[in-house]
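Trainee: The following block contains the structure, expressed as structure tokens.
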Amino acid sequence: MVSTIDRVDREIIRALEEDGRMPLVQLADRIGLSVTPCKRRLARLEESGLISGYAAQIDRKIAGFGITAFVSVELERQDAEKLAEFQRQVALFEEVVTGTLMTGAQDFLLEVAVESLEEFETFLQTKLMRLPDLRVVRSRFALRKFINRARIPY
């Protein structure tokens, strides 16, 4: 397990955040290590779960999902069983790209990506609003994203 990360670990992470497909030799050269210690550090970061995976970044708009809505949900009751059941059911909805348990007035914040307003309406009517124990559902639509950091702060 990685208890703390040092400057070299941060450089490895920063380089991989910029290019997750960077070959090991190039990564080692960039951070100033030979391949073997770089490989060991990378393996330690992966095994600890700090680096949890690698994925392509998809432009939703180009992929045809030009509508992003943020949907806040309040449940009638907030006991552990109701919260867990809501999470299980919402995880089945492909339109929900992120789901976050919140504090304060809302219980959950869902990020929903769809092709059109009509598709969003269908999602609300046929999926989300059919879940039990909903008290309040509020939707807000994103106009444009101006920060999209897929990295940790340094």
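Every chain in the structure tokens has a letter given in the order shown (A, B, ...), and although residue numbers restart at 1 in each chain, ligands are simply numbered from 1 in the order shown.
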Taking the DSSP secondary structure from the backbone, can you list the residues of segment 29-139 of chain A that are helix (DSSP H, G or I), as an NGL selection string?
Mentor: :A and (29-31 or 35-47 or 80-90 or 117-126 or 128-130)
Trainee: Just the residues within 7 Å of Val136 of chain A, please, counting only C-alpha atoms, with nothing from its chain fewer than 2 positions along; format it as a ChimeraX atom specification.
Mentor: /A:73-75,134,138
Trainee: Could you write out, as a PyMOL selection string, all the residues of segment 32-74 of chain A that DSSP marks as strand (DSSP E)?
Mentor: chain A and resi 67-74
Trainee: Output the selection as a compact mmCIF listing (two decimals), in the first residue's frame - all heavy atoms for each residue.
Mentor:
# COMPACT_ATOMS: atom_id res chain seq x y z
N ILE A 67 -26.40 16.43 -24.52
CA ILE A 67 -27.15 16.97 -23.39
C ILE A 67 -26.61 16.35 -22.10
O ILE A 67 -26.57 15.12 -21.95
CB ILE A 67 -28.66 16.64 -23.49
CG1 ILE A 67 -29.25 17.17 -24.80
CG2 ILE A 67 -29.42 17.15 -22.26
CD1 ILE A 67 -29.36 18.67 -24.88
N THR A 68 -26.16 17.21 -21.19
CA THR A 68 -25.76 16.76 -19.86
C THR A 68 -26.65 17.44 -18.85
O THR A 68 -26.78 18.67 -18.85
CB THR A 68 -24.28 17.11 -19.56
OG1 THR A 68 -23.45 16.45 -20.52
CG2 THR A 68 -23.88 16.66 -18.16
N ALA A 69 -27.27 16.64 -18.00
CA ALA A 69 -28.13 17.17 -16.95
C ALA A 69 -27.57 16.73 -15.60
O ALA A 69 -27.05 15.62 -15.46
CB ALA A 69 -29.56 16.66 -17.10
N PHE A 70 -27.68 17.62 -14.64
CA PHE A 70 -27.34 17.29 -13.25
C PHE A 70 -28.67 17.21 -12.51
O PHE A 70 -29.43 18.16 -12.48
CB PHE A 70 -26.41 18.33 -12.66
CG PHE A 70 -25.05 18.30 -13.29
CD1 PHE A 70 -24.76 19.11 -14.38
CD2 PHE A 70 -24.07 17.43 -12.83
CE1 PHE A 70 -23.51 19.06 -14.99
CE2 PHE A 70 -22.83 17.38 -13.43
CZ PHE A 70 -22.55 18.19 -14.52
N VAL A 71 -28.93 16.05 -11.95
CA VAL A 71 -30.21 15.78 -11.33
C VAL A 71 -29.98 15.56 -9.84
O VAL A 71 -29.25 14.63 -9.45
CB VAL A 71 -30.89 14.54 -11.96
CG1 VAL A 71 -32.24 14.28 -11.31
CG2 VAL A 71 -31.02 14.71 -13.47
N SER A 72 -30.57 16.42 -9.02
CA SER A 72 -30.48 16.22 -7.58
C SER A 72 -31.73 15.48 -7.12
O SER A 72 -32.83 15.74 -7.60
CB SER A 72 -30.32 17.55 -6.84
OG SER A 72 -31.44 18.37 -7.02
N VAL A 73 -31.52 14.55 -6.21
CA VAL A 73 -32.60 13.69 -5.74
C VAL A 73 -32.62 13.70 -4.22
O VAL A 73 -31.57 13.55 -3.57
CB VAL A 73 -32.39 12.23 -6.23
CG1 VAL A 73 -33.46 11.31 -5.67
CG2 VAL A 73 -32.36 12.18 -7.75
N GLU A 74 -33.82 13.90 -3.68
CA GLU A 74 -34.04 13.74 -2.24
C GLU A 74 -35.00 12.57 -2.06
O GLU A 74 -36.00 12.46 -2.76
CB GLU A 74 -34.69 14.99 -1.65
CG GLU A 74 -33.84 16.23 -1.70
CD GLU A 74 -34.58 17.45 -1.21
OE1 GLU A 74 -35.34 17.35 -0.21
OE2 GLU A 74 -34.41 18.52 -1.82
Trainee: Could you give me, as number ranges by chain, the residues within 12 Å of Val114 of chain A, counting only C-alpha atoms and dropping anything in the same chain fewer than 6 positions from it?
Mentor: A: 60-61, 63-70, 93-97, 120-124, 141-142
Trainee: Work out how far atom CA of Arg149 of chain A is from atom CA of Glu17 of chain A, in Å to one decimal.
Mentor: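 Computing it gives 9.6 Å between the two atoms.
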Trainee: Using only C-alpha atoms, which residue out of A:Leu45, A:Ala105, A:Leu128, A:Ala56 lies closest to Ala91 of chain A?
Mentor: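 Of A:Leu45, A:Ala105, A:Leu128, A:Ala56, the one nearest Ala91 of chain A, counting only C-alpha atoms, is A:Leu128.
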Trainee: Just want the 12 Å neighbourhood of Arg44 of chain A, counted on only C-alpha atoms, with same-chain residues fewer than 4 positions away dropped. Output as an NGL selection string.
Mentor: :A and (1-5 or 9 or 12 or 37-40 or 48-52)
Trainee: Could you dump the residues just selected with C-alpha atoms as a compact mmCIF listing (two decimals), in the first residue's frame?
Mentor:
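Printed below is result.txt as written:
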# COMPACT_ATOMS: atom_id res chain seq x y z
CA MET A 1 0.00 0.00 0.00
CA VAL A 2 1.20 3.51 -0.81
CA SER A 3 1.08 5.54 2.41
CA THR A 4 2.53 8.70 0.92
CA ILE A 5 3.57 9.67 -2.53
CA ASP A 9 5.42 9.27 -7.79
CA ILE A 12 4.73 9.42 -12.81
CA PRO A 37 12.85 1.34 -10.83
CA CYS A 38 10.18 3.15 -12.85
CA LYS A 39 8.41 -0.16 -13.48
CA ARG A 40 8.60 -1.02 -9.75
CA SER A 48 -2.06 0.12 -4.00
CA GLY A 49 -5.09 1.24 -5.99
CA LEU A 50 -3.82 4.82 -6.31
CA ILE A 51 -3.74 4.21 -10.05
CA SER A 52 -7.03 2.40 -10.41
Trainee: Between A:Tyr54, A:Glu115, A:Asp59, A:Gly104, which one has atoms that come closest to Met22 of chain A, using only C-alpha atoms?
Mentor: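 Closest residue, counting only C-alpha atoms: A:Tyr54.
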Trainee: With only C-alpha atoms as the counted atoms, please give the residues lying no more than 12 Å from Val25 of chain A, apart from itself and same-chain residues fewer than 5 positions off, as a PyMOL selection string.
Mentor: chain A and resi 30-39
Trainee: So, counting only C-alpha atoms, which residue among A:Arg41, A:Asp133, A:Asp79, A:Phe108 is closest to Arg7 of chain A?
Mentor: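 Once distances to Arg7 of chain A are computed over only C-alpha atoms, the minimum belongs to A:Arg41.
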Trainee: Looking at A:Thr98, A:Asp107, A:Lys145, A:Leu42, which one is nearest to Arg77 of chain A, with distances taken over only C-alpha atoms?
Mentor: A:Asp107
Trainee: Just to confirm, what's the straight-line distance from atom CA of Leu27 of chain A to atom CA of Ala15 of chain A in Å (one decimal)?
Mentor: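 Calculated distance between atom CA of Leu27 of chain A and atom CA of Ala15 of chain A is 7.1 Å.
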Trainee: Which polymer residues have any atom within 12 Å of an atom of segment 146-148 of chain A, counting only C-alpha atoms, with same-chain residues fewer than 2 positions away left out, as a VMD selection string?
Mentor: chain A and resid 57 to 59 142 to 144 150 to 152
Trainee: So how many Å separate atom CA of Leu117 of chain A and atom CA of Val90 of chain A, to one decimal?
Mentor: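 Pair atom CA of Leu117 of chain A / atom CA of Val90 of chain A returns 19.4 Å.
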